[in-house]
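File shown: query.txt. Contents: compact mmCIF, N, CA and C atoms.
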# COMPACT_ATOMS: atom_id res chain seq x y z
N GLN A 282 -175.53 54.88 5.80
CA GLN A 282 -174.73 56.05 6.15
C GLN A 282 -173.54 55.60 6.99
N VAL A 283 -172.42 56.29 6.77
CA VAL A 283 -171.18 55.97 7.46
C VAL A 283 -170.81 57.11 8.39
N GLN A 284 -170.47 56.76 9.62
CA GLN A 284 -170.00 57.75 10.58
C GLN A 284 -168.48 57.61 10.73
N LEU A 285 -167.81 58.76 10.78
CA LEU A 285 -166.35 58.80 10.89
C LEU A 285 -165.95 59.62 12.10
N VAL A 286 -165.05 59.07 12.90
CA VAL A 286 -164.58 59.77 14.09
C VAL A 286 -163.05 59.82 14.05
N GLU A 287 -162.52 61.05 14.03
CA GLU A 287 -161.07 61.23 13.96
C GLU A 287 -160.48 61.44 15.34
N SER A 288 -159.20 61.17 15.45
CA SER A 288 -158.46 61.47 16.68
C SER A 288 -157.00 61.67 16.32
N GLY A 289 -156.27 62.33 17.22
CA GLY A 289 -154.84 62.41 17.07
C GLY A 289 -154.26 63.75 16.66
N GLY A 290 -155.08 64.75 16.47
CA GLY A 290 -154.53 66.06 16.12
C GLY A 290 -153.86 66.71 17.31
N GLY A 291 -153.26 67.87 17.06
CA GLY A 291 -152.63 68.59 18.15
C GLY A 291 -151.60 69.59 17.66
N LEU A 292 -150.79 70.05 18.60
CA LEU A 292 -149.74 71.03 18.32
C LEU A 292 -148.39 70.33 18.30
N VAL A 293 -147.62 70.59 17.28
CA VAL A 293 -146.30 69.97 17.15
C VAL A 293 -145.33 70.98 16.58
N GLN A 294 -144.07 70.85 16.92
CA GLN A 294 -143.05 71.74 16.38
C GLN A 294 -142.66 71.33 14.97
N PRO A 295 -142.17 72.26 14.18
CA PRO A 295 -141.68 71.90 12.84
C PRO A 295 -140.66 70.77 12.93
N GLY A 296 -140.79 69.82 12.00
CA GLY A 296 -139.92 68.65 12.01
C GLY A 296 -140.46 67.50 12.82
N GLY A 297 -141.51 67.74 13.58
CA GLY A 297 -142.08 66.71 14.43
C GLY A 297 -143.02 65.78 13.69
N SER A 298 -143.65 64.89 14.46
CA SER A 298 -144.53 63.89 13.89
C SER A 298 -145.86 63.84 14.65
N LEU A 299 -146.90 63.46 13.92
CA LEU A 299 -148.22 63.19 14.50
C LEU A 299 -148.83 62.03 13.75
N ARG A 300 -149.72 61.35 14.44
CA ARG A 300 -150.47 60.27 13.80
C ARG A 300 -151.95 60.52 14.00
N LEU A 301 -152.67 60.57 12.89
CA LEU A 301 -154.12 60.72 12.91
C LEU A 301 -154.77 59.36 12.69
N SER A 302 -155.88 59.16 13.36
CA SER A 302 -156.64 57.92 13.19
C SER A 302 -158.10 58.25 12.95
N CYS A 303 -158.77 57.36 12.24
CA CYS A 303 -160.18 57.55 11.93
C CYS A 303 -160.87 56.19 12.01
N ALA A 304 -161.95 56.14 12.74
CA ALA A 304 -162.74 54.91 12.85
C ALA A 304 -164.07 55.10 12.16
N ALA A 305 -164.41 54.17 11.30
CA ALA A 305 -165.65 54.23 10.55
C ALA A 305 -166.65 53.22 11.11
N SER A 306 -167.91 53.61 11.11
CA SER A 306 -168.97 52.71 11.54
C SER A 306 -170.21 52.96 10.68
N GLY A 307 -171.10 51.98 10.68
CA GLY A 307 -172.31 52.11 9.89
C GLY A 307 -172.29 51.17 8.70
N SER A 308 -172.89 51.62 7.61
CA SER A 308 -173.03 50.79 6.40
C SER A 308 -171.78 50.93 5.54
N ILE A 309 -170.82 50.08 5.80
CA ILE A 309 -169.53 50.13 5.10
C ILE A 309 -169.47 49.00 4.09
N TYR A 310 -169.20 49.35 2.84
CA TYR A 310 -169.20 48.39 1.76
C TYR A 310 -167.79 48.18 1.22
N THR A 311 -167.53 47.00 0.71
CA THR A 311 -166.23 46.74 0.10
C THR A 311 -166.10 47.58 -1.17
N GLY A 312 -164.86 47.82 -1.55
CA GLY A 312 -164.62 48.64 -2.72
C GLY A 312 -164.63 50.13 -2.43
N ASN A 313 -164.57 50.48 -1.15
CA ASN A 313 -164.59 51.89 -0.79
C ASN A 313 -163.20 52.49 -0.84
N VAL A 314 -163.17 53.81 -0.77
CA VAL A 314 -161.93 54.57 -0.66
C VAL A 314 -162.01 55.39 0.62
N MET A 315 -160.99 55.30 1.43
CA MET A 315 -160.92 56.12 2.64
C MET A 315 -159.66 56.96 2.61
N GLY A 316 -159.72 58.10 3.24
CA GLY A 316 -158.53 58.93 3.21
C GLY A 316 -158.68 60.19 4.03
N TRP A 317 -157.78 61.12 3.73
CA TRP A 317 -157.68 62.35 4.50
C TRP A 317 -157.62 63.56 3.56
N TYR A 318 -158.34 64.57 3.94
CA TYR A 318 -158.30 65.87 3.30
C TYR A 318 -157.96 66.89 4.38
N ARG A 319 -157.57 68.08 3.96
CA ARG A 319 -157.29 69.13 4.93
C ARG A 319 -157.74 70.48 4.38
N GLN A 320 -157.99 71.38 5.33
CA GLN A 320 -158.41 72.73 4.96
C GLN A 320 -157.77 73.71 5.91
N ALA A 321 -156.96 74.59 5.34
CA ALA A 321 -156.35 75.67 6.11
C ALA A 321 -157.22 76.91 5.99
N PRO A 322 -157.09 77.84 6.93
CA PRO A 322 -157.88 79.07 6.85
C PRO A 322 -157.67 79.76 5.51
N THR A 323 -158.71 80.19 4.90
CA THR A 323 -158.75 80.89 3.60
C THR A 323 -158.43 79.98 2.42
N ASN A 324 -158.23 78.68 2.65
CA ASN A 324 -157.95 77.77 1.54
C ASN A 324 -159.12 76.83 1.31
N GLN A 325 -159.14 76.25 0.12
CA GLN A 325 -160.13 75.22 -0.16
C GLN A 325 -159.67 73.90 0.45
N ARG A 326 -160.64 73.02 0.69
CA ARG A 326 -160.30 71.70 1.18
C ARG A 326 -159.53 70.95 0.09
N GLU A 327 -158.44 70.29 0.48
CA GLU A 327 -157.61 69.62 -0.50
C GLU A 327 -157.29 68.19 -0.06
N LEU A 328 -157.06 67.36 -1.06
CA LEU A 328 -156.71 65.97 -0.79
C LEU A 328 -155.32 65.90 -0.17
N VAL A 329 -155.18 65.03 0.83
CA VAL A 329 -153.88 64.74 1.42
C VAL A 329 -153.43 63.35 0.98
N ALA A 330 -154.25 62.34 1.26
CA ALA A 330 -153.91 60.97 0.90
C ALA A 330 -155.17 60.13 0.94
N THR A 331 -155.26 59.17 0.02
CA THR A 331 -156.37 58.23 0.03
C THR A 331 -155.84 56.82 -0.19
N MET A 332 -156.67 55.86 0.20
CA MET A 332 -156.28 54.47 0.03
C MET A 332 -157.53 53.66 -0.25
N THR A 333 -157.49 52.85 -1.30
CA THR A 333 -158.62 51.98 -1.60
C THR A 333 -158.61 50.78 -0.65
N SER A 334 -159.72 50.08 -0.59
CA SER A 334 -159.77 48.89 0.25
C SER A 334 -158.82 47.82 -0.27
N GLY A 335 -158.40 47.94 -1.52
CA GLY A 335 -157.43 47.01 -2.09
C GLY A 335 -155.99 47.41 -1.86
N GLY A 336 -155.79 48.59 -1.28
CA GLY A 336 -154.44 49.00 -0.92
C GLY A 336 -153.78 50.02 -1.84
N ARG A 337 -154.48 50.48 -2.86
CA ARG A 337 -153.89 51.47 -3.75
C ARG A 337 -153.93 52.84 -3.09
N THR A 338 -152.80 53.56 -3.15
CA THR A 338 -152.70 54.85 -2.47
C THR A 338 -152.55 56.00 -3.45
N ASN A 339 -152.92 57.17 -2.97
CA ASN A 339 -152.76 58.40 -3.73
C ASN A 339 -152.38 59.49 -2.74
N TYR A 340 -151.33 60.23 -3.05
CA TYR A 340 -150.85 61.28 -2.17
C TYR A 340 -150.78 62.61 -2.89
N ALA A 341 -151.01 63.67 -2.15
CA ALA A 341 -150.72 65.00 -2.68
C ALA A 341 -149.20 65.14 -2.81
N ASP A 342 -148.77 65.85 -3.83
CA ASP A 342 -147.33 66.02 -4.04
C ASP A 342 -146.65 66.65 -2.83
N SER A 343 -147.37 67.52 -2.16
CA SER A 343 -146.78 68.26 -1.04
C SER A 343 -146.47 67.38 0.17
N VAL A 344 -147.04 66.18 0.23
CA VAL A 344 -146.82 65.31 1.40
C VAL A 344 -146.09 64.03 1.06
N LYS A 345 -145.82 63.80 -0.22
CA LYS A 345 -145.13 62.57 -0.61
C LYS A 345 -143.77 62.48 0.07
N GLY A 346 -143.49 61.30 0.60
CA GLY A 346 -142.22 61.09 1.29
C GLY A 346 -142.25 61.48 2.75
N ARG A 347 -143.29 62.16 3.18
CA ARG A 347 -143.39 62.59 4.58
C ARG A 347 -144.58 61.94 5.29
N PHE A 348 -145.67 61.76 4.57
CA PHE A 348 -146.89 61.19 5.16
C PHE A 348 -147.10 59.77 4.63
N THR A 349 -147.66 58.93 5.48
CA THR A 349 -147.98 57.57 5.08
C THR A 349 -149.39 57.21 5.54
N ILE A 350 -150.20 56.78 4.60
CA ILE A 350 -151.56 56.37 4.92
C ILE A 350 -151.60 54.85 5.06
N SER A 351 -152.42 54.38 5.99
CA SER A 351 -152.60 52.95 6.17
C SER A 351 -154.04 52.70 6.61
N ARG A 352 -154.49 51.49 6.45
CA ARG A 352 -155.85 51.16 6.88
C ARG A 352 -155.92 49.71 7.31
N ASP A 353 -156.90 49.44 8.15
CA ASP A 353 -157.19 48.09 8.60
C ASP A 353 -158.63 47.81 8.22
N ASN A 354 -158.82 47.03 7.18
CA ASN A 354 -160.17 46.76 6.69
C ASN A 354 -160.99 45.94 7.69
N THR A 355 -160.33 45.17 8.52
CA THR A 355 -161.07 44.35 9.48
C THR A 355 -161.65 45.21 10.60
N LYS A 356 -161.01 46.34 10.87
CA LYS A 356 -161.48 47.24 11.93
C LYS A 356 -162.12 48.51 11.37
N ASN A 357 -162.11 48.64 10.05
CA ASN A 357 -162.66 49.84 9.41
C ASN A 357 -162.00 51.12 9.93
N THR A 358 -160.70 51.10 9.97
CA THR A 358 -159.95 52.27 10.40
C THR A 358 -158.95 52.69 9.32
N VAL A 359 -158.64 53.97 9.33
CA VAL A 359 -157.62 54.51 8.45
C VAL A 359 -156.77 55.46 9.27
N SER A 360 -155.47 55.44 9.03
CA SER A 360 -154.54 56.27 9.79
C SER A 360 -153.64 57.05 8.85
N LEU A 361 -153.10 58.13 9.38
CA LEU A 361 -152.18 58.96 8.62
C LEU A 361 -150.99 59.28 9.52
N GLN A 362 -149.84 58.72 9.18
CA GLN A 362 -148.60 59.02 9.90
C GLN A 362 -147.96 60.21 9.21
N MET A 363 -147.76 61.27 9.98
CA MET A 363 -147.22 62.50 9.42
C MET A 363 -145.86 62.79 10.05
N ASN A 364 -144.84 62.78 9.24
CA ASN A 364 -143.47 63.04 9.71
C ASN A 364 -142.95 64.31 9.05
N SER A 365 -141.88 64.83 9.61
CA SER A 365 -141.23 66.04 9.07
C SER A 365 -142.25 67.14 8.81
N LEU A 366 -143.08 67.37 9.79
CA LEU A 366 -144.15 68.34 9.62
C LEU A 366 -143.61 69.75 9.44
N LYS A 367 -144.34 70.52 8.62
CA LYS A 367 -143.98 71.89 8.29
C LYS A 367 -145.10 72.83 8.72
N PRO A 368 -144.80 74.09 8.95
CA PRO A 368 -145.87 75.04 9.29
C PRO A 368 -147.00 75.06 8.26
N GLU A 369 -146.68 74.86 7.01
CA GLU A 369 -147.72 74.86 5.98
C GLU A 369 -148.62 73.63 6.02
N ASP A 370 -148.31 72.66 6.87
CA ASP A 370 -149.21 71.53 7.07
C ASP A 370 -150.33 71.85 8.06
N THR A 371 -150.25 73.02 8.67
CA THR A 371 -151.27 73.43 9.63
C THR A 371 -152.63 73.53 8.94
N ALA A 372 -153.61 72.82 9.48
CA ALA A 372 -154.94 72.78 8.89
C ALA A 372 -155.86 71.93 9.76
N VAL A 373 -157.12 71.95 9.43
CA VAL A 373 -158.05 70.97 9.98
C VAL A 373 -158.04 69.78 9.02
N TYR A 374 -157.82 68.61 9.58
CA TYR A 374 -157.74 67.39 8.79
C TYR A 374 -159.04 66.61 8.93
N TYR A 375 -159.59 66.21 7.79
CA TYR A 375 -160.87 65.52 7.76
C TYR A 375 -160.70 64.10 7.21
N CYS A 376 -161.29 63.17 7.89
CA CYS A 376 -161.37 61.81 7.38
C CYS A 376 -162.50 61.74 6.35
N HIS A 377 -162.31 60.94 5.34
CA HIS A 377 -163.26 60.87 4.24
C HIS A 377 -163.50 59.43 3.83
N TYR A 378 -164.75 59.13 3.51
CA TYR A 378 -165.15 57.81 3.02
C TYR A 378 -165.94 58.00 1.73
N ASP A 379 -165.63 57.18 0.75
CA ASP A 379 -166.35 57.25 -0.52
C ASP A 379 -166.61 55.85 -1.04
N TRP A 380 -167.85 55.63 -1.41
CA TRP A 380 -168.24 54.37 -2.05
C TRP A 380 -169.12 54.72 -3.24
N PHE A 381 -168.50 54.74 -4.38
CA PHE A 381 -169.19 55.04 -5.63
C PHE A 381 -170.04 56.31 -5.52
N GLY A 382 -169.44 57.34 -4.99
CA GLY A 382 -170.08 58.63 -4.91
C GLY A 382 -170.84 58.89 -3.63
N ARG A 383 -171.05 57.89 -2.86
CA ARG A 383 -171.68 58.07 -1.54
C ARG A 383 -170.56 58.38 -0.55
N THR A 384 -170.58 59.64 -0.07
CA THR A 384 -169.45 60.10 0.74
C THR A 384 -169.88 60.45 2.15
N SER A 385 -168.93 60.37 3.05
CA SER A 385 -169.09 60.81 4.43
C SER A 385 -167.83 61.52 4.86
N TRP A 386 -168.01 62.47 5.79
CA TRP A 386 -166.89 63.23 6.32
C TRP A 386 -166.89 63.15 7.84
N GLY A 387 -165.69 63.16 8.40
CA GLY A 387 -165.56 63.28 9.84
C GLY A 387 -165.72 64.73 10.25
N GLN A 388 -165.67 64.95 11.54
CA GLN A 388 -165.88 66.30 12.07
C GLN A 388 -164.63 67.16 11.97
N GLY A 389 -163.49 66.54 11.73
CA GLY A 389 -162.23 67.27 11.57
C GLY A 389 -161.43 67.31 12.85
N THR A 390 -160.11 67.31 12.69
CA THR A 390 -159.21 67.43 13.83
C THR A 390 -158.10 68.43 13.47
N GLN A 391 -157.82 69.32 14.40
CA GLN A 391 -156.87 70.39 14.12
C GLN A 391 -155.44 69.90 14.27
N VAL A 392 -154.63 70.23 13.28
CA VAL A 392 -153.18 69.99 13.34
C VAL A 392 -152.50 71.35 13.21
N THR A 393 -151.70 71.69 14.18
CA THR A 393 -150.97 72.96 14.17
C THR A 393 -149.49 72.68 14.30
N VAL A 394 -148.73 73.19 13.33
CA VAL A 394 -147.28 73.02 13.32
C VAL A 394 -146.66 74.39 13.56
N SER A 395 -146.08 74.56 14.72
CA SER A 395 -145.55 75.87 15.10
C SER A 395 -144.50 75.72 16.19
N SER A 396 -143.54 76.61 16.16
CA SER A 396 -142.53 76.63 17.22
C SER A 396 -142.92 77.60 18.31
Here is the file; what I need is its structure written in the form of structure tokens.
Amino acid sequence: QVQLVESGGGLVQPGGSLRLSCAASGSIYTGNVMGWYRQAPTNQRELVATMTSGGRTNYADSVKGRFTISRDNTKNTVSLQMNSLKPEDTAVYYCHYDWFGRTSWGQGTQVTVSS
């Protein structure tokens, strides 16, 4: 089992930036995918960005060009740099780990974009 702990959420004005971080511990295997999902009130949880241990990335269209995912395989961490934030980015952001269908979720961190 993999445990995920997120940090870095908060309140930011439109156009601002935030950086989310997630640290994984436990039984971590190579070939995994780590990333970020988000869920706004009344919405379903949706993919934001993922990155394989080999470095391949996948982004939601809504965040392309604004968000950047990165990871450090030696430290088992994944980060999400969020720039040019918009009010519609407001959501709880969840760190996610997947290894051939074995998944784990973090507890979530709130990101609020508001003036």
Tell me, counting all atoms listed in the file, for each residue of segment 307-384 of chain A within 8 Å of segment 284-297 of chain A, which pair of atoms is nearest and how far apart they are in Å to one decimal, in rows ordered by chain and increasing number, as JSON lines.
{"residue": "A:Gly307", "atom": "N", "partner": "A:Gln284", "partner_atom": "N", "distance": 4.9}
{"residue": "A:Ser308", "atom": "N", "partner": "A:Gln284", "partner_atom": "N", "distance": 6.0}
{"residue": "A:Ile309", "atom": "N", "partner": "A:Gln284", "partner_atom": "N", "distance": 7.7}
{"residue": "A:Met363", "atom": "C", "partner": "A:Gly297", "partner_atom": "C", "distance": 5.5}
{"residue": "A:Asn364", "atom": "CA", "partner": "A:Gly297", "partner_atom": "C", "distance": 4.9}
{"residue": "A:Ser365", "atom": "CA", "partner": "A:Gly296", "partner_atom": "C", "distance": 4.1}
{"residue": "A:Leu366", "atom": "C", "partner": "A:Gly296", "partner_atom": "N", "distance": 3.8}
{"residue": "A:Lys367", "atom": "N", "partner": "A:Gly296", "partner_atom": "N", "distance": 5.0}
{"residue": "A:Pro368", "atom": "N", "partner": "A:Pro295", "partner_atom": "CA", "distance": 5.4}
{"residue": "A:Tyr374", "atom": "C", "partner": "A:Glu287", "partner_atom": "CA", "distance": 7.6}
{"residue": "A:Tyr375", "atom": "C", "partner": "A:Glu287", "partner_atom": "CA", "distance": 7.3}
{"residue": "A:Cys376", "atom": "N", "partner": "A:Glu287", "partner_atom": "CA", "distance": 6.4}
{"residue": "A:His377", "atom": "N", "partner": "A:Leu285", "partner_atom": "CA", "distance": 7.2}
{"residue": "A:Tyr378", "atom": "N", "partner": "A:Leu285", "partner_atom": "CA", "distance": 7.6}
Go ahead and write the residues just picked, N, CA and C atoms, as a short mmCIF file (atom, residue, chain, number, x, y, z; two decimals), in the coordinates of the input.
data_model
loop_
_atom_site.label_atom_id
_atom_site.label_comp_id
_atom_site.auth_asym_id
_atom_site.auth_seq_id
_atom_site.Cartn_x
_atom_site.Cartn_y
_atom_site.Cartn_z
N GLY A 307 -171.10 51.98 10.68
CA GLY A 307 -172.31 52.11 9.89
C GLY A 307 -172.29 51.17 8.70
N SER A 308 -172.89 51.62 7.61
CA SER A 308 -173.03 50.79 6.40
C SER A 308 -171.78 50.93 5.54
N ILE A 309 -170.82 50.08 5.80
CA ILE A 309 -169.53 50.13 5.10
C ILE A 309 -169.47 49.00 4.09
N MET A 363 -147.76 61.27 9.98
CA MET A 363 -147.22 62.50 9.42
C MET A 363 -145.86 62.79 10.05
N ASN A 364 -144.84 62.78 9.24
CA ASN A 364 -143.47 63.04 9.71
C ASN A 364 -142.95 64.31 9.05
N SER A 365 -141.88 64.83 9.61
CA SER A 365 -141.23 66.04 9.07
C SER A 365 -142.25 67.14 8.81
N LEU A 366 -143.08 67.37 9.79
CA LEU A 366 -144.15 68.34 9.62
C LEU A 366 -143.61 69.75 9.44
N LYS A 367 -144.34 70.52 8.62
CA LYS A 367 -143.98 71.89 8.29
C LYS A 367 -145.10 72.83 8.72
N PRO A 368 -144.80 74.09 8.95
CA PRO A 368 -145.87 75.04 9.29
C PRO A 368 -147.00 75.06 8.26
N TYR A 374 -157.82 68.61 9.58
CA TYR A 374 -157.74 67.39 8.79
C TYR A 374 -159.04 66.61 8.93
N TYR A 375 -159.59 66.21 7.79
CA TYR A 375 -160.87 65.52 7.76
C TYR A 375 -160.70 64.10 7.21
N CYS A 376 -161.29 63.17 7.89
CA CYS A 376 -161.37 61.81 7.38
C CYS A 376 -162.50 61.74 6.35
N HIS A 377 -162.31 60.94 5.34
CA HIS A 377 -163.26 60.87 4.24
C HIS A 377 -163.50 59.43 3.83
N TYR A 378 -164.75 59.13 3.51
CA TYR A 378 -165.15 57.81 3.02
C TYR A 378 -165.94 58.00 1.73
#
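When only N, CA and C atoms are used to measure the gap to Cys303 of chain A, the shortest distance among A:Lys345, A:Arg383, A:Lys356, A:Arg319 belongs to A:Lys356.
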For Met332 of chain A, work out the shell of residues within 6 Å, counting only N, CA and C atoms and skipping chain neighbours fewer than 4 positions away, then give it as a PDB file with N, CA and C atoms, in the coordinates of the input.
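Written output follows (result30.pdb):
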ATOM      1  N   ASN A 313    -164.570  50.480  -1.150  1.00  0.00           N
ATOM      2  CA  ASN A 313    -164.590  51.890  -0.790  1.00  0.00           C
ATOM      3  C   ASN A 313    -163.200  52.490  -0.840  1.00  0.00           C
ATOM      4  N   VAL A 314    -163.170  53.810  -0.770  1.00  0.00           N
ATOM      5  CA  VAL A 314    -161.930  54.570  -0.660  1.00  0.00           C
ATOM      6  C   VAL A 314    -162.010  55.390   0.620  1.00  0.00           C
ATOM      7  N   MET A 315    -160.990  55.300   1.430  1.00  0.00           N
ATOM      8  CA  MET A 315    -160.920  56.120   2.640  1.00  0.00           C
ATOM      9  C   MET A 315    -159.660  56.960   2.610  1.00  0.00           C
ATOM     10  N   GLY A 316    -159.720  58.100   3.240  1.00  0.00           N
ATOM     11  CA  GLY A 316    -158.530  58.930   3.210  1.00  0.00           C
ATOM     12  C   GLY A 316    -158.680  60.190   4.030  1.00  0.00           C
ATOM     13  N   GLY A 336    -155.790  48.590  -1.280  1.00  0.00           N
ATOM     14  CA  GLY A 336    -154.440  49.000  -0.920  1.00  0.00           C
ATOM     15  C   GLY A 336    -153.780  50.020  -1.840  1.00  0.00           C
ATOM     16  N   ARG A 337    -154.480  50.480  -2.860  1.00  0.00           N
ATOM     17  CA  ARG A 337    -153.890  51.470  -3.750  1.00  0.00           C
ATOM     18  C   ARG A 337    -153.930  52.840  -3.090  1.00  0.00           C
ATOM     19  N   THR A 338    -152.800  53.560  -3.150  1.00  0.00           N
ATOM     20  CA  THR A 338    -152.700  54.850  -2.470  1.00  0.00           C
ATOM     21  C   THR A 338    -152.550  56.000  -3.450  1.00  0.00           C
ATOM     22  N   ASN A 339    -152.920  57.170  -2.970  1.00  0.00           N
ATOM     23  CA  ASN A 339    -152.760  58.400  -3.730  1.00  0.00           C
ATOM     24  C   ASN A 339    -152.380  59.490  -2.740  1.00  0.00           C
TER      25      ASN A 339
END
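Note that the spacing between atom N of Asp370 of chain A and atom CA of Trp386 of chain A amounts to 20.8 Å.
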* Asked: How would you write as a list in words the residues that get within 8 Å of (-147.5, 62.3, 3.7) in the file's frame, counting all atoms listed in the file?
  -> Val329, Ala330, Tyr340, Ala341, Asp342, Ser343, Val344, Lys345, Gly346, Arg347, Phe348, Thr349, Ile350, Leu361, Gln362, Met363 and Asn364 of chain A
DSSP-assigned helix (DSSP H, G or I) members of segment 338-393 of chain A, reported as a PDB file with N, CA and C atoms, keeping the file's coordinate frame:
ATOM      1  N   ASP A 342    -148.770  65.850  -3.830  1.00  0.00           N
ATOM      2  CA  ASP A 342    -147.330  66.020  -4.040  1.00  0.00           C
ATOM      3  C   ASP A 342    -146.650  66.650  -2.830  1.00  0.00           C
ATOM      4  N   SER A 343    -147.370  67.520  -2.160  1.00  0.00           N
ATOM      5  CA  SER A 343    -146.780  68.260  -1.040  1.00  0.00           C
ATOM      6  C   SER A 343    -146.470  67.380   0.170  1.00  0.00           C
ATOM      7  N   VAL A 344    -147.040  66.180   0.230  1.00  0.00           N
ATOM      8  CA  VAL A 344    -146.820  65.310   1.400  1.00  0.00           C
ATOM      9  C   VAL A 344    -146.090  64.030   1.060  1.00  0.00           C
ATOM     10  N   PRO A 368    -144.800  74.090   8.950  1.00  0.00           N
ATOM     11  CA  PRO A 368    -145.870  75.040   9.290  1.00  0.00           C
ATOM     12  C   PRO A 368    -147.000  75.060   8.260  1.00  0.00           C
ATOM     13  N   GLU A 369    -146.680  74.860   7.010  1.00  0.00           N
ATOM     14  CA  GLU A 369    -147.720  74.860   5.980  1.00  0.00           C
ATOM     15  C   GLU A 369    -148.620  73.630   6.020  1.00  0.00           C
ATOM     16  N   ASP A 370    -148.310  72.660   6.870  1.00  0.00           N
ATOM     17  CA  ASP A 370    -149.210  71.530   7.070  1.00  0.00           C
ATOM     18  C   ASP A 370    -150.330  71.850   8.060  1.00  0.00           C
TER      19      ASP A 370
END
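Interatomic distance, atom N of Asn354 of chain A against atom CA of Glu327 of chain A: 23.9 Å.
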* Can you tell me, as a PyMOL selection string, what residues are no more than 6 Å from Ala372 of chain A when counting only C-alpha atoms, ignoring any on the same chain fewer than 4 positions away? -> chain A and resi 319-321+392
* Structure fact -> Asp379 of chain A proximity check over A:Thr393, A:Gly312, A:Arg326, A:Thr355, using all atoms listed in the file: winner is A:Gly312
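The two atoms in question, atom CA of Leu301 of chain A and atom CA of Gln325 of chain A, are spaced 20.4 Å apart.
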* To do: Would you please extract all strand (DSSP E or B) residues from chain A, as assigned by DSSP on the backbone, and give them as a PyMOL selection string?
  => chain A and resi 283-288+291-293+299-307+314-320+327-333+338-340+348-353+358-363+372-380+383-386+390-394
* To do: Considering all atoms listed in the file, state which residue in the set A:Ser351, A:Ser385, A:Asn357, A:Ser395 is at the smallest distance from Glu369 of chain A.
  => A:Ser395
Determine the axis-aligned bounding box of all atoms of segment 315-327 of chain A present in the file, pad each side by 5 Å, and express its centre and edge lengths in Å to one decimal place as JSON.
{"center_x": -158.7, "center_y": 68.1, "center_z": 3.2, "size_x": 14.6, "size_y": 35.6, "size_z": 17.4}
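Using only C-alpha atoms, the nearest neighbour of Gln282 of chain A within the list A:Gln391, A:Ser302, A:Thr331, A:Trp380 is A:Trp380.
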